[in-house]
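Visitor: Before I ask anything, here is the structure I am working with.
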Amino acid sequence: MSGYGFGVWLVPKDRNIEKHMLHTPHITIMCNMETEEEARALFLDINRKMGKEFTLRIIGKCILFQGGYEGGDPLKAVGYYCESRDWNELEEVCLKYNGDFSKQPHISQSYSMTKLCLYLRDIKDRDVECELKVVDIRGLFPAKWKILG
């Protein structure tokens with residue numbers, strides 16, 4: 001599987017976050033799922049138990065992520081950690097699904113095949129309203145990743 005398979009994201013409603021990003025801003029809940037059907041089942045499970053609207057706090061200190069997915073991290077990334085009161089409950093819902101749960105919620109500012117093309121840009125801490133989405137994140141070009149619904 002190329003890229004990160006299928007998954008479920010939280011997508012910020014605040015479009016100002018996109019100003020410096022070449023991809024759809026997102027906080028990954030689960031990735032590296034093999035099929036769209038599995039991702040849709042997880043989406044429905046989360047939506048039924050917790051709803052599809054969430055608030056997270058973005059911590060504005062930009063950092064280099066060091067590859068946190070068991071299924072592998074083909075891309076290097078920089079971005080921001082997030083805080084969520086719901087993350088433990090989201091993890092419990094994800095346990096029965098195959099894929100990689102994001103242990104530490106984060107939002108990537110930029111991706112690259114090498115660290116040399118990445119730069120750290122701090123922002124102000126802020127709360128963001130997000131919406132649950134099913135995504136196709138196959139491939140190594142983040143600008144081509146698609147929200148499926």
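Within each chain, counting starts at residue 1; across the structure tokens, chains are named A, B, ... in the order shown, with ligands numbered 1 upward in that order.
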Can you check which residues of chain A DSSP gives as strand (DSSP E) on the backbone and send them as an NGL selection string?
Guide: :A and (3-12 or 27-33 or 53-58 or 63-65 or 76-83 or 100-101 or 106-112 or 126-138 or 146-147)
Visitor: Please list as a ChimeraX atom specification every residue within 8 Å of Glu129 (chain A), counting only C-alpha atoms and excluding residues in the same chain fewer than 3 positions away.
Guide: /A:12-14,53-56
Visitor: Just want the 7 Å neighbourhood of Gly79 (chain A), counted on only C-alpha atoms, with same-chain residues fewer than 6 positions away dropped. Output as an MDAnalysis selection string.
Guide: chainID A and resid 62:64 107:110
Visitor: Keeping only C-alpha atoms, write the selected residues as an mmCIF file, in the first residue's frame.
Guide:
```cif
data_model
loop_
_atom_site.group_PDB
_atom_site.id
_atom_site.type_symbol
_atom_site.label_atom_id
_atom_site.label_comp_id
_atom_site.auth_asym_id
_atom_site.auth_seq_id
_atom_site.Cartn_x
_atom_site.Cartn_y
_atom_site.Cartn_z
ATOM 1 C CA CYS A 62 6.210 23.535 15.417
ATOM 2 C CA ILE A 63 8.117 20.256 15.664
ATOM 3 C CA LEU A 64 9.547 17.550 13.408
ATOM 4 C CA ILE A 107 -1.752 18.424 12.602
ATOM 5 C CA SER A 108 0.978 18.401 9.953
ATOM 6 C CA GLN A 109 1.984 21.768 8.517
ATOM 7 C CA SER A 110 4.005 20.299 5.627
#
```
Visitor: Applying 8 Å and only C-alpha atoms, which residues near region 18-33 of chain A remain after dropping the ones on its own chain fewer than 3 positions away? List them as a PDB file with C-alpha atoms, in the first residue's frame.
Guide:
```
ATOM      1  CA  TYR A   4      -1.399   5.840   4.287  1.00  0.00           C
ATOM      2  CA  GLY A   5      -4.294   3.782   2.879  1.00  0.00           C
ATOM      3  CA  PHE A   6      -7.771   4.795   3.963  1.00  0.00           C
ATOM      4  CA  GLY A   7      -8.599   6.478   7.230  1.00  0.00           C
ATOM      5  CA  VAL A   8     -10.619   8.803   9.383  1.00  0.00           C
ATOM      6  CA  TRP A   9      -9.630  12.417  10.036  1.00  0.00           C
ATOM      7  CA  LEU A  10     -10.838  15.401  11.979  1.00  0.00           C
ATOM      8  CA  VAL A  11     -10.854  18.321   9.528  1.00  0.00           C
ATOM      9  CA  PRO A  12     -10.761  21.847  10.983  1.00  0.00           C
ATOM     10  CA  ARG A  15     -10.115  27.706   6.648  1.00  0.00           C
ATOM     11  CA  GLU A  36     -12.713   2.273   2.234  1.00  0.00           C
ATOM     12  CA  GLU A  38     -13.394  -0.373   6.965  1.00  0.00           C
ATOM     13  CA  ALA A  39     -12.833   3.385   7.201  1.00  0.00           C
ATOM     14  CA  GLY A  71       2.435   0.657   9.471  1.00  0.00           C
ATOM     15  CA  LEU A  90     -11.611   7.692  20.329  1.00  0.00           C
ATOM     16  CA  CYS A  94     -10.657   2.336  17.203  1.00  0.00           C
ATOM     17  CA  ASN A  98      -7.233  -2.716  11.737  1.00  0.00           C
ATOM     18  CA  GLY A  99      -5.010   0.264  11.015  1.00  0.00           C
ATOM     19  CA  ASP A 100      -2.861   2.743  12.900  1.00  0.00           C
ATOM     20  CA  PHE A 101      -4.469   4.866  15.601  1.00  0.00           C
ATOM     21  CA  SER A 102      -2.693   8.197  16.070  1.00  0.00           C
ATOM     22  CA  PRO A 105      -3.094  13.923  18.018  1.00  0.00           C
ATOM     23  CA  HIS A 106      -1.279  16.274  15.676  1.00  0.00           C
ATOM     24  CA  ILE A 107      -1.752  18.424  12.602  1.00  0.00           C
ATOM     25  CA  SER A 108       0.978  18.401   9.953  1.00  0.00           C
ATOM     26  CA  GLN A 109       1.984  21.768   8.517  1.00  0.00           C
ATOM     27  CA  SER A 110       4.005  20.299   5.627  1.00  0.00           C
ATOM     28  CA  ILE A 137      -4.846   8.867   1.758  1.00  0.00           C
ATOM     29  CA  PRO A 142      -0.662  14.958   0.176  1.00  0.00           C
ATOM     30  CA  ALA A 143      -2.297  17.495  -2.164  1.00  0.00           C
ATOM     31  CA  LYS A 144      -4.044  14.556  -3.881  1.00  0.00           C
ATOM     32  CA  TRP A 145      -5.456  12.953  -0.727  1.00  0.00           C
TER      33      TRP A 145
END
```
Visitor: Which residue out of A:Ser112, A:Ile46, A:Gly60, A:Ala77 has the minimum interatomic distance to Glu89 (chain A) when only C-alpha atoms are used?
Guide: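 Among A:Ser112, A:Ile46, A:Gly60, A:Ala77, it is A:Ile46 that comes nearest to Glu89 (chain A).
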Visitor: Go through chain A and collect every residue that DSSP, computed from the backbone, puts in alpha helix (DSSP H); the answer should be as a ChimeraX atom specification.
Guide: /A:36-50,87-94
Visitor: Have a look at A:Asp122, A:Asp45, A:Glu83, A:Asp127 and name the one nearest to Tyr97 (chain A); count only C-alpha atoms.
Guide: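 Checking each candidate against Tyr97 (chain A), we get A:Asp45 as the closest.
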Visitor: What separation in Å, quoted to one decimal, exists between CA of Arg48 (chain A) and CA of Leu132 (chain A)?
Guide: 11.6 Å
